[in-house]
>>> print(open('target33.json').read())   # JSON, C-alpha atoms
[["chain", "number", "residue", "atom", "x", "y", "z"],
["A", 1, "GLY", "CA", 0.00, 0.00, 0.00],
["A", 2, "ALA", "CA", 0.94, 3.64, -0.22],
["A", 3, "GLY", "CA", 3.30, 4.97, 2.38],
["A", 4, "VAL", "CA", 3.52, 8.39, 3.97],
["A", 5, "SER", "CA", 3.90, 11.10, 1.36],
["A", 6, "GLN", "CA", 5.12, 14.65, 1.80],
["A", 7, "THR", "CA", 4.91, 17.62, -0.51],
["A", 8, "PRO", "CA", 6.82, 19.45, -1.71],
["A", 9, "SER", "CA", 10.00, 17.42, -1.64],
["A", 10, "ASN", "CA", 12.04, 20.61, -1.76],
["A", 11, "LYS", "CA", 11.10, 24.15, -0.84],
["A", 12, "VAL", "CA", 13.31, 27.20, -1.21],
["A", 13, "THR", "CA", 12.04, 30.43, 0.28],
["A", 14, "GLU", "CA", 13.30, 33.81, 1.35],
["A", 15, "LYS", "CA", 13.73, 34.95, 4.92],
["A", 16, "GLY", "CA", 10.50, 36.35, 6.28],
["A", 17, "LYS", "CA", 8.19, 34.41, 3.99],
["A", 18, "TYR", "CA", 5.42, 31.99, 4.99],
["A", 19, "VAL", "CA", 5.57, 28.30, 4.04],
["A", 20, "GLU", "CA", 3.27, 25.32, 4.28],
["A", 21, "LEU", "CA", 4.44, 21.73, 4.27],
["A", 22, "ARG", "CA", 1.98, 18.92, 3.66],
["A", 23, "CYS", "CA", 1.86, 15.35, 4.96],
["A", 24, "ASP", "CA", -0.40, 12.56, 3.75],
["A", 25, "PRO", "CA", -0.27, 9.71, 6.29],
["A", 26, "ILE", "CA", -0.92, 6.05, 5.64],
["A", 27, "SER", "CA", -4.65, 5.52, 5.27],
["A", 28, "GLY", "CA", -6.28, 4.60, 8.57],
["A", 29, "HIS", "CA", -3.41, 5.75, 10.78],
["A", 30, "THR", "CA", -4.76, 7.84, 13.61],
["A", 31, "ALA", "CA", -1.44, 9.15, 14.94],
["A", 32, "LEU", "CA", 0.69, 11.64, 13.01],
["A", 33, "TYR", "CA", 4.02, 13.16, 13.98],
["A", 34, "TRP", "CA", 6.21, 15.97, 12.68],
["A", 35, "TYR", "CA", 9.96, 15.96, 13.22],
["A", 36, "ARG", "CA", 12.75, 18.30, 12.10],
["A", 37, "GLN", "CA", 16.16, 17.02, 11.09],
["A", 38, "SER", "CA", 19.01, 19.47, 10.84],
["A", 39, "LEU", "CA", 22.21, 18.60, 9.02],
["A", 40, "GLY", "CA", 24.23, 16.00, 10.90],
["A", 41, "GLN", "CA", 21.60, 15.55, 13.59],
["A", 42, "GLY", "CA", 18.90, 13.04, 14.43],
["A", 43, "PRO", "CA", 15.28, 13.97, 13.95],
["A", 44, "GLU", "CA", 13.79, 16.18, 16.68],
["A", 45, "PHE", "CA", 10.16, 16.00, 17.66],
["A", 46, "LEU", "CA", 7.91, 18.94, 16.85],
["A", 47, "ILE", "CA", 4.26, 17.93, 17.30],
["A", 48, "TYR", "CA", 2.07, 14.84, 17.59],
["A", 49, "PHE", "CA", -1.57, 14.44, 16.59],
["A", 50, "GLN", "CA", -3.97, 11.79, 17.73],
["A", 51, "GLY", "CA", -6.90, 12.16, 15.39],
["A", 52, "THR", "CA", -7.64, 15.82, 14.78],
["A", 53, "GLY", "CA", -6.18, 17.11, 18.01],
["A", 54, "ALA", "CA", -2.61, 17.97, 18.89],
["A", 55, "ALA", "CA", -1.81, 15.59, 21.74],
["A", 56, "ASP", "CA", 1.65, 17.03, 22.30],
["A", 57, "ASP", "CA", 3.08, 20.20, 20.77],
["A", 58, "SER", "CA", 5.93, 20.61, 23.20],
["A", 59, "GLY", "CA", 8.55, 20.35, 20.45],
["A", 60, "LEU", "CA", 7.44, 23.38, 18.47],
["A", 61, "PRO", "CA", 10.34, 25.85, 18.83],
["A", 62, "ASN", "CA", 8.25, 29.04, 18.97],
["A", 63, "ASP", "CA", 4.93, 30.55, 17.95],
["A", 64, "ARG", "CA", 6.01, 30.92, 14.32],
["A", 65, "PHE", "CA", 5.38, 27.20, 13.94],
["A", 66, "PHE", "CA", 1.87, 25.80, 13.78],
["A", 67, "ALA", "CA", 0.33, 22.56, 12.51],
["A", 68, "VAL", "CA", -3.18, 21.42, 11.76],
["A", 69, "ARG", "CA", -4.94, 18.18, 10.97],
["A", 70, "PRO", "CA", -8.55, 19.28, 10.50],
["A", 71, "GLU", "CA", -10.05, 15.98, 9.33],
["A", 72, "GLY", "CA", -7.76, 13.58, 11.11],
["A", 73, "SER", "CA", -5.87, 12.62, 7.97],
["A", 74, "VAL", "CA", -3.74, 15.13, 6.03],
["A", 75, "SER", "CA", -1.67, 17.49, 8.13],
["A", 76, "THR", "CA", -0.07, 20.82, 7.26],
["A", 77, "LEU", "CA", 2.91, 22.31, 9.07],
["A", 78, "LYS", "CA", 2.92, 26.09, 8.78],
["A", 79, "ILE", "CA", 5.91, 28.31, 9.40],
["A", 80, "GLN", "CA", 5.51, 32.08, 9.55],
["A", 81, "ARG", "CA", 8.24, 34.68, 9.07],
["A", 82, "THR", "CA", 10.80, 32.03, 8.16],
["A", 83, "GLU", "CA", 14.36, 32.41, 9.40],
["A", 84, "ARG", "CA", 17.57, 30.93, 8.03],
["A", 85, "GLY", "CA", 17.75, 28.71, 11.09],
["A", 86, "ASP", "CA", 14.52, 27.02, 10.01],
["A", 87, "SER", "CA", 16.40, 25.36, 7.14],
["A", 88, "ALA", "CA", 16.17, 21.61, 7.70],
["A", 89, "VAL", "CA", 14.44, 18.47, 6.50],
["A", 90, "TYR", "CA", 10.95, 18.24, 7.92],
["A", 91, "LEU", "CA", 9.83, 14.66, 8.41],
["A", 92, "CYS", "CA", 6.33, 13.37, 8.89],
["A", 93, "ALA", "CA", 5.46, 9.98, 10.34],
["A", 94, "SER", "CA", 2.23, 8.14, 11.01],
["A", 95, "SER", "CA", 1.31, 5.13, 13.10],
["A", 96, "PRO", "CA", -1.81, 3.03, 13.54],
["A", 97, "GLY", "CA", -2.35, 4.34, 17.07],
["A", 98, "LEU", "CA", -3.28, 0.91, 18.36],
["A", 99, "ALA", "CA", -0.23, -0.31, 20.27],
["A", 100, "GLY", "CA", 0.53, 2.67, 22.43],
["A", 101, "GLN", "CA", 4.22, 3.17, 23.06],
["A", 102, "ALA", "CA", 5.07, 0.11, 20.95],
["A", 103, "ASP", "CA", 3.44, 1.58, 17.84],
["A", 104, "THR", "CA", 5.75, 1.63, 14.84],
["A", 105, "GLN", "CA", 6.07, 5.01, 13.18],
["A", 106, "TYR", "CA", 6.32, 5.01, 9.39],
["A", 107, "PHE", "CA", 8.20, 7.95, 7.95],
["A", 108, "GLY", "CA", 7.76, 9.92, 4.79],
["A", 109, "PRO", "CA", 10.69, 11.02, 2.61],
["A", 110, "GLY", "CA", 10.70, 14.51, 4.08],
["A", 111, "THR", "CA", 10.55, 18.04, 2.80],
["A", 112, "ARG", "CA", 13.87, 19.85, 2.52],
["A", 113, "LEU", "CA", 13.30, 23.50, 3.44],
["A", 114, "THR", "CA", 15.95, 26.05, 2.55],
["A", 115, "VAL", "CA", 15.54, 29.62, 3.77],
["A", 116, "LEU", "CA", 17.79, 32.07, 1.93],
["B", 1, "ALA", "CA", 13.69, 12.23, 30.76],
["B", 2, "GLN", "CA", 14.44, 9.62, 28.14],
["B", 3, "SER", "CA", 17.41, 9.93, 25.84],
["B", 4, "VAL", "CA", 19.77, 7.88, 23.69],
["B", 5, "THR", "CA", 23.46, 8.21, 23.03],
["B", 6, "GLN", "CA", 25.04, 6.76, 19.92],
["B", 7, "LEU", "CA", 28.75, 6.23, 20.29],
["B", 8, "GLY", "CA", 30.62, 7.10, 17.12],
["B", 9, "SER", "CA", 29.22, 9.44, 14.53],
["B", 10, "HIS", "CA", 30.96, 7.47, 11.77],
["B", 11, "VAL", "CA", 31.82, 3.78, 11.58],
["B", 12, "SER", "CA", 33.72, 2.25, 8.69],
["B", 13, "VAL", "CA", 33.91, -1.50, 8.09],
["B", 14, "SER", "CA", 35.13, -3.74, 5.29],
["B", 15, "GLU", "CA", 32.67, -5.68, 3.20],
["B", 16, "GLY", "CA", 32.03, -9.00, 4.93],
["B", 17, "ALA", "CA", 33.12, -7.75, 8.34],
["B", 18, "LEU", "CA", 31.02, -7.51, 11.48],
["B", 19, "VAL", "CA", 28.92, -4.38, 11.90],
["B", 20, "LEU", "CA", 28.50, -3.04, 15.44],
["B", 21, "LEU", "CA", 26.70, 0.24, 16.04],
["B", 22, "ARG", "CA", 26.41, 1.28, 19.68],
["B", 23, "CYS", "CA", 23.42, 2.78, 21.44],
["B", 24, "ASN", "CA", 22.93, 3.48, 25.12],
["B", 25, "TYR", "CA", 19.67, 4.70, 26.51],
["B", 26, "SER", "CA", 18.50, 6.56, 29.55],
["B", 27, "SER", "CA", 15.00, 5.90, 30.75],
["B", 28, "SER", "CA", 13.22, 6.04, 34.06],
["B", 29, "VAL", "CA", 10.70, 3.42, 32.93],
["B", 30, "PRO", "CA", 11.05, 0.24, 30.86],
["B", 31, "PRO", "CA", 11.82, 1.58, 27.43],
["B", 32, "TYR", "CA", 10.64, 0.86, 23.97],
["B", 33, "LEU", "CA", 13.69, 1.02, 21.72],
["B", 34, "PHE", "CA", 13.99, 1.31, 17.96],
["B", 35, "TRP", "CA", 16.63, 1.29, 15.26],
["B", 36, "TYR", "CA", 15.93, 3.17, 12.04],
["B", 37, "VAL", "CA", 18.02, 3.38, 8.86],
["B", 38, "GLN", "CA", 18.10, 6.36, 6.55],
["B", 39, "TYR", "CA", 19.43, 6.08, 3.01],
["B", 40, "PRO", "CA", 20.48, 9.29, 1.23],
["B", 41, "ASN", "CA", 17.53, 11.50, 0.33],
["B", 42, "GLN", "CA", 15.07, 9.01, 1.75],
["B", 43, "GLY", "CA", 12.89, 8.82, 4.84],
["B", 44, "LEU", "CA", 13.60, 6.68, 7.87],
["B", 45, "GLN", "CA", 12.89, 2.96, 7.65],
["B", 46, "LEU", "CA", 12.36, 0.79, 10.72],
["B", 47, "LEU", "CA", 15.00, -1.92, 11.12],
["B", 48, "LEU", "CA", 13.76, -3.42, 14.38],
["B", 49, "LYS", "CA", 12.18, -2.60, 17.71],
["B", 50, "TYR", "CA", 12.28, -3.82, 21.29],
["B", 51, "THR", "CA", 8.98, -3.86, 23.16],
["B", 52, "SER", "CA", 9.85, -5.88, 26.29],
["B", 53, "ALA", "CA", 9.33, -9.32, 24.75],
["B", 54, "ALA", "CA", 12.51, -11.16, 23.70],
["B", 55, "THR", "CA", 15.73, -9.33, 24.54],
["B", 56, "LEU", "CA", 17.34, -10.38, 21.23],
["B", 57, "VAL", "CA", 15.44, -8.72, 18.45],
["B", 58, "LYS", "CA", 15.86, -9.68, 14.82],
["B", 59, "GLY", "CA", 15.16, -7.12, 12.15],
["B", 60, "ILE", "CA", 15.26, -6.72, 8.42],
["B", 61, "ASN", "CA", 18.32, -7.04, 6.19],
["B", 62, "GLY", "CA", 20.08, -9.40, 8.61],
["B", 63, "PHE", "CA", 20.37, -6.89, 11.45],
["B", 64, "GLU", "CA", 19.69, -7.71, 15.07],
["B", 65, "ALA", "CA", 19.98, -5.95, 18.41],
["B", 66, "GLU", "CA", 20.17, -7.13, 21.99],
["B", 67, "PHE", "CA", 18.53, -5.29, 24.87],
["B", 68, "LYS", "CA", 20.80, -5.35, 27.93],
["B", 69, "LYS", "CA", 19.15, -3.72, 30.90],
["B", 70, "SER", "CA", 22.25, -4.02, 33.11],
["B", 71, "GLU", "CA", 24.27, -2.06, 30.56],
["B", 72, "THR", "CA", 21.38, 0.17, 29.40],
["B", 73, "SER", "CA", 22.40, -0.73, 25.88],
["B", 74, "PHE", "CA", 20.70, -1.69, 22.64],
["B", 75, "HIS", "CA", 23.58, -2.19, 20.19],
["B", 76, "LEU", "CA", 22.87, -3.05, 16.56],
["B", 77, "THR", "CA", 24.84, -5.82, 14.87],
["B", 78, "LYS", "CA", 25.11, -7.61, 11.56],
["B", 79, "PRO", "CA", 27.52, -10.52, 11.04],
["B", 80, "SER", "CA", 28.63, -9.57, 7.53],
["B", 81, "ALA", "CA", 28.45, -6.09, 6.03],
["B", 82, "HIS", "CA", 27.23, -5.53, 2.49],
["B", 83, "MET", "CA", 27.93, -2.48, 0.37],
["B", 84, "SER", "CA", 24.17, -1.79, 0.39],
["B", 85, "ASP", "CA", 24.28, -1.32, 4.19],
["B", 86, "ALA", "CA", 26.02, 2.05, 3.83],
["B", 87, "ALA", "CA", 23.56, 4.52, 5.35],
["B", 88, "GLU", "CA", 22.81, 6.57, 8.46],
["B", 89, "TYR", "CA", 21.51, 4.59, 11.42],
["B", 90, "PHE", "CA", 19.48, 6.07, 14.26],
["B", 91, "CYS", "CA", 18.68, 4.60, 17.62],
["B", 92, "ALA", "CA", 15.53, 5.92, 19.30],
["B", 93, "VAL", "CA", 13.65, 5.55, 22.57],
["B", 94, "ARG", "CA", 9.93, 5.97, 22.70],
["B", 95, "ARG", "CA", 7.69, 8.19, 24.63],
["B", 96, "ALA", "CA", 4.71, 9.31, 22.55],
["B", 97, "PRO", "CA", 7.11, 10.81, 20.02],
["B", 98, "LEU", "CA", 10.46, 9.22, 19.41],
["B", 99, "VAL", "CA", 13.63, 10.60, 20.92],
["B", 100, "PHE", "CA", 16.46, 9.98, 18.48],
["B", 101, "GLY", "CA", 20.20, 9.76, 18.88],
["B", 102, "LYS", "CA", 22.39, 11.86, 16.61],
["B", 103, "GLY", "CA", 22.98, 8.97, 14.25],
["B", 104, "THR", "CA", 25.94, 6.89, 13.09],
["B", 105, "ARG", "CA", 27.01, 6.95, 9.48],
["B", 106, "LEU", "CA", 28.10, 3.52, 8.32],
["B", 107, "SER", "CA", 30.54, 3.24, 5.44],
["B", 108, "VAL", "CA", 31.32, -0.12, 3.89],
["B", 109, "ILE", "CA", 34.67, -0.49, 2.12],
["B", 110, "ALA", "CA", 34.99, -2.96, -0.73]]
>>> encode(input="target33.json", output="structure tokens")
Amino acid sequence: GAGVSQTPSNKVTEKGKYVELRCDPISGHTALYWYRQSLGQGPEFLIYFQGTGAADDSGLPNDRFFAVRPEGSVSTLKIQRTERGDSAVYLCASSPGLAGQADTQYFGPGTRLTVL
Amino acid sequence: AQSVTQLGSHVSVSEGALVLLRCNYSSSVPPYLFWYVQYPNQGLQLLLKYTSAATLVKGINGFEAEFKKSETSFHLTKPSAHMSDAAEYFCAVRRAPLVFGKGTRLSVIA
């Protein structure tokens, strides 16, 4: 079946602009996660959705970052007033939401964001 | 707080040699532990996970890992490296999100 997809695969923007990154999870997965991976680092958690609600947004670095999942499927990560330090690969993952902490997260290929 | 430490940011082995990638975890509760592999320009793929069943966990592509509570370790091994194993490997411990180590880049020399 289809895996997690993310669009766009690459996004180049100028400092101060607004960007939206999209994630299509595996069909039927109730849990959705956003991570950010900077060069040479492991992924860092941003936000986690269970259904339509954000169950944990403690990883969002500041109020310029926001994410939604209005219908419990597709999610959009929104970044306002982008800064050069926001440049990274943004990864989305989904999981069935059935096995609690043992749930396997399936990752998309990521969106590479470059802020000039 | 839960965290993982991966010892060695870069490991280089010869084709056919043993692969050993080290991961130590810190957790105040019994952990769920994962190894993911990331090929260039691709997303993370699950290799294996420990969920408190058997302490020796077998994964895909011939990899396995052993959970050792006394050593707080979850090292990844493969008896014989292939060229196709060259990638970045991440160890992770689970709360609701995953907490990842910084990764170990594996190079395989022909």
>>> interface_residues(input="target33.json", of="chain B", to="chain A", cutoff="8 Å", atoms="all atoms listed in the file", output="CSV table (one decimal) with C-alpha atoms, keeping the file's coordinate frame")
chain,number,residue,atom,x,y,z
B,32,TYR,CA,10.6,0.9,24.0
B,41,ASN,CA,17.5,11.5,0.3
B,42,GLN,CA,15.1,9.0,1.8
B,43,GLY,CA,12.9,8.8,4.8
B,44,LEU,CA,13.6,6.7,7.9
B,45,GLN,CA,12.9,3.0,7.6
B,46,LEU,CA,12.4,0.8,10.7
B,51,THR,CA,9.0,-3.9,23.2
B,90,PHE,CA,19.5,6.1,14.3
B,94,ARG,CA,9.9,6.0,22.7
B,95,ARG,CA,7.7,8.2,24.6
B,96,ALA,CA,4.7,9.3,22.6
B,97,PRO,CA,7.1,10.8,20.0
B,98,LEU,CA,10.5,9.2,19.4
B,99,VAL,CA,13.6,10.6,20.9
B,100,PHE,CA,16.5,10.0,18.5
B,101,GLY,CA,20.2,9.8,18.9
B,102,LYS,CA,22.4,11.9,16.6
B,103,GLY,CA,23.0,9.0,14.2
>>> closest_residue(input="target33.json", among="B:Leu56, B:Met83, B:Arg22, B:Phe74", to="Ser9 in chain B", atoms="only C-alpha atoms")
B:Arg22
>>> closest_residue(input="target33.json", among="A:Asn10, A:Thr114, A:Ser27, A:Ser94", to="Thr82 in chain A", atoms="all atoms listed in the file")
A:Thr114
>>> atom_distance(input="target33.json", atom1="CA of Ala86 in chain B", atom2="CA of Tyr36 in chain B")
13.1 Å
>>> atom_distance(input="target33.json", atom1="CA of Leu113 in chain A", atom2="CA of Arg64 in chain A")
15.1 Å
>>> closest_residue(input="target33.json", among="B:Ile60, B:Ala17, B:Val108, B:Ala92", to="His75 in chain B", atoms="all atoms listed in the file")
B:Ala92
>>> residues_around(input="target33.json", residues="Gly16 in chain A", least_positions_apart="3", cutoff="10 Å", atoms="all atoms listed in the file", output="list in words")
Thr13, Val19, Ile79, Gln80, Arg81, Thr82, Glu83, Arg84, Val115 and Leu116 of chain A
>>> atom_distance(input="target33.json", atom1="CA of Gly16 in chain B", atom2="CA of Arg105 in chain B")
17.3 Å
>>> closest_residue(input="target33.json", among="A:Lys11, A:Arg69, A:His29, A:Arg22", to="Thr52 in chain A", atoms="only C-alpha atoms")
A:Arg69
>>> closest_residue(input="target33.json", among="B:Trp35, B:Ala87, B:His82, B:Val13", to="Glu64 in chain B", atoms="all atoms listed in the file")
B:Trp35
>>> residues_around(input="target33.json", residues="Asp85 in chain B", least_positions_apart="3", cutoff="10 Å", atoms="only C-alpha atoms", output="list in words")
Glu15, Val19, Val37, Tyr39, Asn61, Phe63, Lys78, Ser80, Ala81, His82, Glu88, Tyr89, Leu106, Ser107 and Val108 of chain B
>>> closest_residue(input="target33.json", among="B:Ala53, B:Ala110, B:Leu48, B:Cys91", to="Cys23 in chain B", atoms="all atoms listed in the file")
B:Cys91
